[in-house]
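Participant: Next comes the structure file final.txt, holding compact mmCIF, C-alpha atoms.
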# COMPACT_ATOMS: atom_id res chain seq x y z
CA MET A 1 -13.72 149.57 -15.29
CA CYS A 2 -12.75 152.22 -12.76
CA GLY A 3 -12.07 150.63 -9.39
CA ARG A 4 -9.45 152.87 -7.80
CA ILE A 5 -8.80 156.63 -7.88
CA SER A 6 -6.61 159.28 -6.26
CA GLN A 7 -8.07 162.43 -4.74
CA TYR A 8 -5.36 164.08 -2.68
CA ARG A 9 -5.50 167.82 -3.39
CA ASP A 10 -7.13 170.56 -1.31
CA PRO A 11 -10.88 170.44 -2.07
CA HIS A 12 -10.88 174.18 -2.76
CA LEU A 13 -8.56 173.64 -5.72
CA TYR A 14 -11.11 171.34 -7.36
CA THR A 15 -13.86 173.93 -7.01
CA GLN A 16 -11.64 176.81 -8.17
CA GLN A 17 -10.58 175.01 -11.33
CA LEU A 18 -14.21 174.12 -12.02
CA GLY A 19 -15.11 177.80 -11.71
CA LEU A 20 -17.64 177.44 -8.90
CA ALA A 21 -18.61 180.85 -7.56
CA ASP A 22 -19.91 179.87 -4.14
CA PRO A 23 -19.07 176.25 -3.23
CA LEU A 24 -20.27 174.85 0.09
CA MET A 25 -18.25 172.12 1.81
CA LEU A 26 -20.72 169.71 3.44
CA PHE A 27 -18.20 167.38 5.03
CA ASP A 28 -16.06 167.39 8.14
CA ALA A 29 -12.77 168.91 7.02
CA ALA A 30 -11.12 167.83 10.28
CA ASP A 31 -11.71 164.18 9.35
CA ARG A 32 -10.62 164.59 5.73
CA ARG A 33 -7.19 163.39 4.62
CA PRO A 34 -5.62 163.08 1.16
CA GLY A 35 -6.67 159.90 -0.65
CA TYR A 36 -4.03 158.28 -2.85
CA ASN A 37 -5.73 154.90 -3.20
CA LEU A 38 -9.49 155.32 -2.85
CA ALA A 39 -11.46 152.14 -3.50
CA PRO A 40 -15.16 151.27 -3.61
CA GLY A 41 -16.59 151.46 -0.12
CA THR A 42 -14.72 154.67 0.66
CA HIS A 43 -16.29 158.14 0.53
CA PRO A 44 -14.70 160.32 -2.17
CA LEU A 45 -15.61 163.99 -2.32
CA THR A 46 -18.40 164.57 -4.81
CA ILE A 47 -19.56 167.81 -6.46
CA TYR A 48 -23.28 168.42 -6.89
CA PRO A 49 -25.11 170.81 -9.26
CA ASP A 50 -25.96 173.07 -6.31
CA GLN A 51 -22.21 173.65 -5.78
CA THR A 52 -22.01 171.55 -2.64
CA LEU A 53 -19.21 169.09 -1.95
CA ARG A 54 -20.10 165.97 0.00
CA ALA A 55 -18.36 162.74 0.95
CA ILE A 56 -20.41 160.02 -0.75
CA HIS A 57 -20.17 156.24 -0.41
CA TRP A 58 -18.72 154.67 -3.56
CA GLY A 59 -21.16 151.91 -4.40
CA TYR A 60 -24.85 151.73 -5.18
CA CYS A 61 -27.61 149.15 -4.92
CA PRO A 62 -31.24 150.28 -5.30
CA ALA A 63 -33.93 148.87 -3.01
CA TRP A 64 -35.39 146.51 -5.61
CA ALA A 65 -31.91 145.06 -6.27
CA ARG A 66 -31.26 144.54 -2.55
CA GLU A 67 -34.56 142.65 -2.30
CA GLN A 68 -33.24 140.32 -4.99
CA HIS A 69 -29.90 140.01 -3.14
CA LEU A 70 -27.99 141.57 -6.03
CA PRO A 71 -24.56 143.03 -5.28
CA GLN A 72 -23.82 146.73 -5.26
CA THR A 73 -22.32 148.22 -8.40
CA ILE A 74 -19.47 150.72 -8.61
CA ASN A 75 -19.52 151.72 -12.31
CA ALA A 76 -22.14 152.58 -14.91
CA ARG A 77 -21.35 152.19 -18.61
CA ALA A 78 -22.11 155.33 -20.57
CA GLU A 79 -23.31 153.24 -23.50
CA THR A 80 -26.05 151.50 -21.53
CA ALA A 81 -26.72 153.49 -18.32
CA PRO A 82 -29.42 155.78 -19.81
CA HIS A 83 -31.60 152.75 -20.55
CA THR A 84 -30.98 150.28 -17.72
CA ARG A 85 -33.21 149.88 -14.67
CA TYR A 86 -30.26 150.47 -12.35
CA PHE A 87 -29.31 153.87 -13.70
CA LYS A 88 -31.89 155.44 -16.03
CA ASP A 89 -33.42 157.66 -13.32
CA LEU A 90 -30.04 158.68 -11.94
CA TRP A 91 -28.91 159.52 -15.48
CA LYS A 92 -31.65 162.17 -15.57
CA THR A 93 -31.54 163.56 -12.04
CA GLY A 94 -28.46 162.22 -10.27
CA ARG A 95 -25.51 163.50 -12.30
CA VAL A 96 -22.56 164.54 -10.12
CA LEU A 97 -18.78 164.85 -10.45
CA VAL A 98 -15.96 163.11 -8.62
CA PRO A 99 -12.83 165.27 -8.85
CA ALA A 100 -9.73 163.13 -9.25
CA ASP A 101 -5.99 163.53 -9.61
CA GLY A 102 -5.67 160.21 -11.40
CA TRP A 103 -6.83 156.61 -11.48
CA PHE A 104 -5.27 153.15 -11.56
CA GLU A 105 -5.30 150.53 -14.31
CA TRP A 106 -3.90 147.00 -14.25
CA ARG A 107 -2.56 144.80 -17.03
CA MET A 108 -0.87 141.43 -17.16
CA GLU A 109 2.86 141.66 -17.83
CA THR A 110 5.91 139.45 -17.73
CA ALA A 111 7.24 139.41 -14.18
CA PRO A 112 10.57 141.17 -13.63
CA GLY A 113 13.54 138.90 -14.20
CA THR A 114 11.73 136.53 -16.56
CA SER A 115 11.54 136.31 -20.33
CA ASN A 116 9.35 134.52 -22.84
CA GLY A 117 11.61 131.52 -22.79
CA ASP A 118 12.11 131.29 -19.05
CA HIS A 119 9.97 129.42 -16.53
CA ALA A 120 7.62 127.95 -19.13
CA GLY A 121 4.32 127.12 -17.48
CA ASP A 122 5.30 128.95 -14.31
CA ALA A 123 2.27 130.88 -13.03
CA ASP A 124 4.65 133.34 -11.38
CA ALA A 125 6.06 134.39 -14.77
CA THR A 126 3.36 137.04 -15.13
CA VAL A 127 2.18 139.76 -12.80
CA ARG A 128 -0.90 141.99 -12.68
CA GLN A 129 0.96 145.29 -12.90
CA PRO A 130 -0.73 148.49 -11.70
CA TYR A 131 -0.32 151.81 -13.53
CA PHE A 132 -1.17 155.30 -12.37
CA VAL A 133 -2.92 157.39 -15.04
CA HIS A 134 -2.98 161.19 -14.80
CA LEU A 135 -3.10 164.27 -16.99
CA LYS A 136 0.14 165.44 -18.59
CA SER A 137 -0.64 168.90 -17.24
CA ASP A 138 -0.89 167.37 -13.73
CA ALA A 139 -4.21 169.21 -13.32
CA PRO A 140 -7.16 167.50 -11.68
CA MET A 141 -9.88 165.99 -13.83
CA TYR A 142 -13.59 165.54 -13.22
CA LEU A 143 -15.08 162.06 -13.43
CA ALA A 144 -18.70 161.77 -14.49
CA ALA A 145 -20.68 160.01 -11.77
CA LEU A 146 -24.24 159.22 -10.72
CA SER A 147 -25.50 159.53 -7.15
CA SER A 148 -28.65 158.38 -5.40
CA VAL A 149 -27.91 160.72 -2.46
CA HIS A 150 -29.78 164.03 -2.66
CA GLY A 151 -30.07 167.05 -0.42
CA THR A 152 -28.92 166.54 3.15
CA GLU A 153 -30.54 163.12 3.59
CA LEU A 154 -28.62 160.48 5.52
CA GLN A 155 -26.85 157.87 3.46
CA THR A 156 -28.55 154.57 4.21
CA GLU A 157 -27.81 151.06 2.97
CA GLY A 158 -27.58 150.85 -0.80
CA MET A 159 -27.29 154.59 -1.34
CA GLY A 160 -24.17 156.02 -2.92
CA LEU A 161 -22.49 156.76 -6.22
CA VAL A 162 -21.15 155.03 -9.29
CA ILE A 163 -18.46 156.34 -11.65
CA VAL A 164 -19.44 156.43 -15.31
CA THR A 165 -17.12 154.60 -17.71
CA ALA A 166 -16.67 154.55 -21.47
CA THR A 167 -14.78 152.31 -23.86
CA ALA A 168 -11.05 153.03 -23.62
CA ASP A 169 -9.66 154.72 -26.72
CA ALA A 170 -6.45 153.72 -28.47
CA GLY A 171 -3.34 154.87 -26.68
CA LEU A 172 -4.45 154.23 -23.11
CA VAL A 173 -3.11 151.49 -20.87
CA ASP A 174 -5.84 148.97 -21.66
CA VAL A 175 -7.63 149.74 -24.92
CA HIS A 176 -9.83 146.67 -24.49
CA GLY A 177 -11.40 147.78 -21.23
CA GLN A 178 -13.43 150.63 -19.79
CA ARG A 179 -11.97 153.91 -18.61
CA PRO A 180 -13.62 156.60 -16.47
CA LEU A 181 -15.51 159.27 -18.37
CA ALA A 182 -13.18 162.15 -17.51
CA PHE A 183 -13.98 165.77 -18.32
CA ALA A 184 -12.12 169.07 -18.40
CA PRO A 185 -13.84 171.88 -16.43
CA GLU A 186 -16.09 173.25 -19.20
CA ALA A 187 -17.53 169.87 -20.13
CA ALA A 188 -17.78 168.94 -16.45
CA ARG A 189 -19.99 171.96 -15.76
CA ARG A 190 -22.28 170.92 -18.61
CA TRP A 191 -22.55 167.39 -17.17
CA LEU A 192 -23.86 168.95 -13.95
CA ASP A 193 -26.49 171.06 -15.71
CA PRO A 194 -29.89 169.56 -14.77
CA ALA A 195 -31.49 171.37 -17.74
CA LEU A 196 -29.30 169.63 -20.30
CA GLN A 197 -31.47 167.92 -22.91
CA SER A 198 -31.04 164.20 -23.59
CA ASP A 199 -29.60 164.75 -27.07
CA GLU A 200 -27.12 167.31 -25.73
CA LEU A 201 -26.15 164.92 -22.94
CA GLU A 202 -25.61 162.12 -25.43
CA GLN A 203 -23.37 164.37 -27.54
CA LEU A 204 -21.42 165.45 -24.46
CA VAL A 205 -20.76 161.86 -23.42
CA ARG A 206 -19.78 160.88 -26.94
CA SER A 207 -17.41 163.74 -27.73
CA ALA A 208 -16.22 165.58 -24.61
CA CYS A 209 -14.29 162.86 -22.76
CA LEU A 210 -10.63 163.81 -22.35
CA PRO A 211 -8.68 161.95 -25.08
CA ALA A 212 -5.82 159.54 -24.48
CA ALA A 213 -3.31 162.09 -25.82
CA ARG A 214 -3.92 164.27 -22.74
CA PHE A 215 -2.76 161.54 -20.33
CA ARG A 216 0.43 159.85 -19.25
CA TRP A 217 0.89 156.82 -17.05
CA HIS A 218 3.60 154.90 -15.24
CA ARG A 219 4.08 151.63 -13.42
CA VAL A 220 3.59 151.81 -9.65
CA SER A 221 4.17 149.51 -6.69
CA LEU A 222 2.12 146.35 -6.22
CA GLU A 223 1.36 147.76 -2.77
CA VAL A 224 -1.52 149.64 -4.37
CA ASP A 225 -3.34 146.29 -4.62
CA ARG A 226 -4.07 146.40 -0.88
CA THR A 227 -6.93 148.84 -0.37
CA LEU A 228 -5.78 149.60 3.17
CA ASN A 229 -2.57 151.09 1.78
CA ASP A 230 -3.01 154.82 1.21
CA GLU A 231 0.10 156.99 1.10
CA PRO A 232 1.89 159.24 -1.43
CA GLY A 233 4.42 156.59 -2.48
CA LEU A 234 1.66 154.57 -4.15
CA ILE A 235 1.47 156.97 -7.11
CA GLU A 236 5.23 157.32 -7.60
CA ALA A 237 6.79 155.76 -10.69
CA LEU A 238 8.80 152.59 -10.23
CA LEU A 239 12.49 153.06 -10.98
Could you write out this structure as structure tokens?

Facilitator:
Amino acid sequence: MCGRISQYRDPHLYTQQLGLADPLMLFDAADRRPGYNLAPGTHPLTIYPDQTLRAIHWGYCPAWAREQHLPQTINARAETAPHTRYFKDLWKTGRVLVPADGWFEWRMETAPGTSNGDHAGDADATVRQPYFVHLKSDAPMYLAALSSVHGTELQTEGMGLVIVTATADAGLVDVHGQRPLAFAPEAARRWLDPALQSDELEQLVRSACLPAARFRWHRVSLEVDRTLNDEPGLIEALL
């Protein structure tokens, strides 16, 4: 699962690294601030195939799902999205990128100051510890995403984006869970290509995700758990 990302660099850096020749910023730069702890419900910058950048609501619920009172979704699994009712159309025509400087993962760990033999049965002996995951090169990455927002249409209820996830490979924080499908620039540009054939897209998803060896991660403050907290200290390593 991918439920929290960082996106704090100048938007022009994301487009330059991606090699966009003529990007168009379709958001109010005056209202934009660095995001160190962006959660579902926020509006991360999103790159479209037409080289526009827009601030898109993170979360998606199609009209038929709203009629059935189903909740919005924030992720789409790469293994199943091409075939599910929620995402199969977006998989063909709604592929976008969310540039990111890192993301957060959580895992259960022994709480500081305790050991296996201490506080037996004490619920406070474990803690859900957050980690910040980023590239060793400290370069931005590009997260595969799907968006129901097209052109300059207004974003109405249910419209938005989901981040595509894949099974975490060995070596990452949580090898049992899902990680975002993160691309380097060349693969990211291919993901955006609307002419990409289904077999080529399947191969891209299967083989082009940045491997665990390209990342590093460190423990960060529990303050990241509160979605209202959003400042640079949230991605700093705990001493």

Participant: Would you mind listing what lies within 9 Å of A:His12 as a list in words, with all atoms listed in the file counted and same-chain residues fewer than 3 positions away left out?

Facilitator: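 What passes the distance filter is Arg9, Thr15, Gln16, Gln17, Pro23 and Met25 of chain A.
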
Participant: Hey, which of A:Asp89, A:Asp10, A:Glu109, A:Asp225 ends up closest to A:Arg33? Count all atoms listed in the file.

Facilitator: A:Asp10

Participant: Once 3 Å is added on each side, what are the centre and the three edge lengths, in Å to one decimal, of the axis-aligned box enclosing the listed atoms of stretch 220-224 of chain A? Present them as JSON.

Facilitator:
{"center_x": 1.3, "center_y": 149.1, "center_z": -6.2, "size_x": 11.7, "size_y": 11.5, "size_z": 12.9}

Participant: Pick from A:Thr165, A:Gln7, A:Gln51, A:Ser198: nearest to A:Gly177, with all atoms listed in the file counted?

Facilitator: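 Selected residue with least distance to A:Gly177: A:Thr165.
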
Participant: Fewer than 5 positions away in the same chain doesn't count, so skip those; otherwise give me all residues within 8 Å of stretch 200-210 of chain A, counting only C-alpha atoms, as a list in words.

Facilitator: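 Near neighbours after the sequence-gap exclusion: Ala78, Leu181, Ala182, Phe183, Ala184, Ala187 and Trp191 of chain A.
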
Participant: Would you kindly return, as a VMD selection string, each protein, DNA or RNA residue with an atom no farther than 10 Å from any atom of A:Gly160, considering only C-alpha atoms and excluding same-chain residues fewer than 3 positions away?

Facilitator: chain A and resid 41 43 55 to 62 72 to 74 146 to 150 155 to 157

Participant: If you keep C-alpha atoms, can you produce a file of those selected residues as a tab-separated table (two decimals), in the frame of the given file?

Facilitator:
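In the end it all went to result21.tsv:
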chain	number	residue	atom	x	y	z
A	41	GLY	CA	-16.59	151.46	-0.12
A	43	HIS	CA	-16.29	158.14	0.53
A	55	ALA	CA	-18.36	162.74	0.95
A	56	ILE	CA	-20.41	160.02	-0.75
A	57	HIS	CA	-20.17	156.24	-0.41
A	58	TRP	CA	-18.72	154.67	-3.56
A	59	GLY	CA	-21.16	151.91	-4.40
A	60	TYR	CA	-24.85	151.73	-5.18
A	61	CYS	CA	-27.61	149.15	-4.92
A	62	PRO	CA	-31.24	150.28	-5.30
A	72	GLN	CA	-23.82	146.73	-5.26
A	73	THR	CA	-22.32	148.22	-8.40
A	74	ILE	CA	-19.47	150.72	-8.61
A	146	LEU	CA	-24.24	159.22	-10.72
A	147	SER	CA	-25.50	159.53	-7.15
A	148	SER	CA	-28.65	158.38	-5.40
A	149	VAL	CA	-27.91	160.72	-2.46
A	150	HIS	CA	-29.78	164.03	-2.66
A	155	GLN	CA	-26.85	157.87	3.46
A	156	THR	CA	-28.55	154.57	4.21
A	157	GLU	CA	-27.81	151.06	2.97

Participant: Would you compute the distance between atom CA of A:Arg219 and atom CA of A:Pro112? Give it in Å to one decimal.

Facilitator: 12.3 Å

Participant: Quick one: everything within 7 Å of A:Ser6, counting all atoms listed in the file, minus sequence neighbours fewer than 6 positions away in the same chain. Send it as a ChimeraX atom specification.

Facilitator: /A:35-38,100-103

Participant: At a cut-off of 9 Å, using only C-alpha atoms, what residues contact A:Pro194? Leave out same-chain residues fewer than 3 positions from it and give the result as an MDAnalysis selection string.

Facilitator: chainID A and resid 49 92:95 190:191 197

Participant: Looking at only C-alpha atoms, which of A:Leu70, A:Ala188, A:Ala125, A:Ala81 is the one that sits closest to A:Met141?

Facilitator: A:Ala188

Participant: Calculate how many Å separate atom CA of A:Pro99 from atom CA of A:Phe132, rounding to one decimal.

Facilitator: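 Computing the Euclidean distance for atom CA of A:Pro99 and atom CA of A:Phe132 yields 15.7 Å.
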
Participant: What is the distance, in Å and to one decimal place, between atom CA of A:Pro180 and atom CA of A:Gln68?

Facilitator: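 About the pair atom CA of A:Pro180 and atom CA of A:Gln68: they are 28.0 Å apart.
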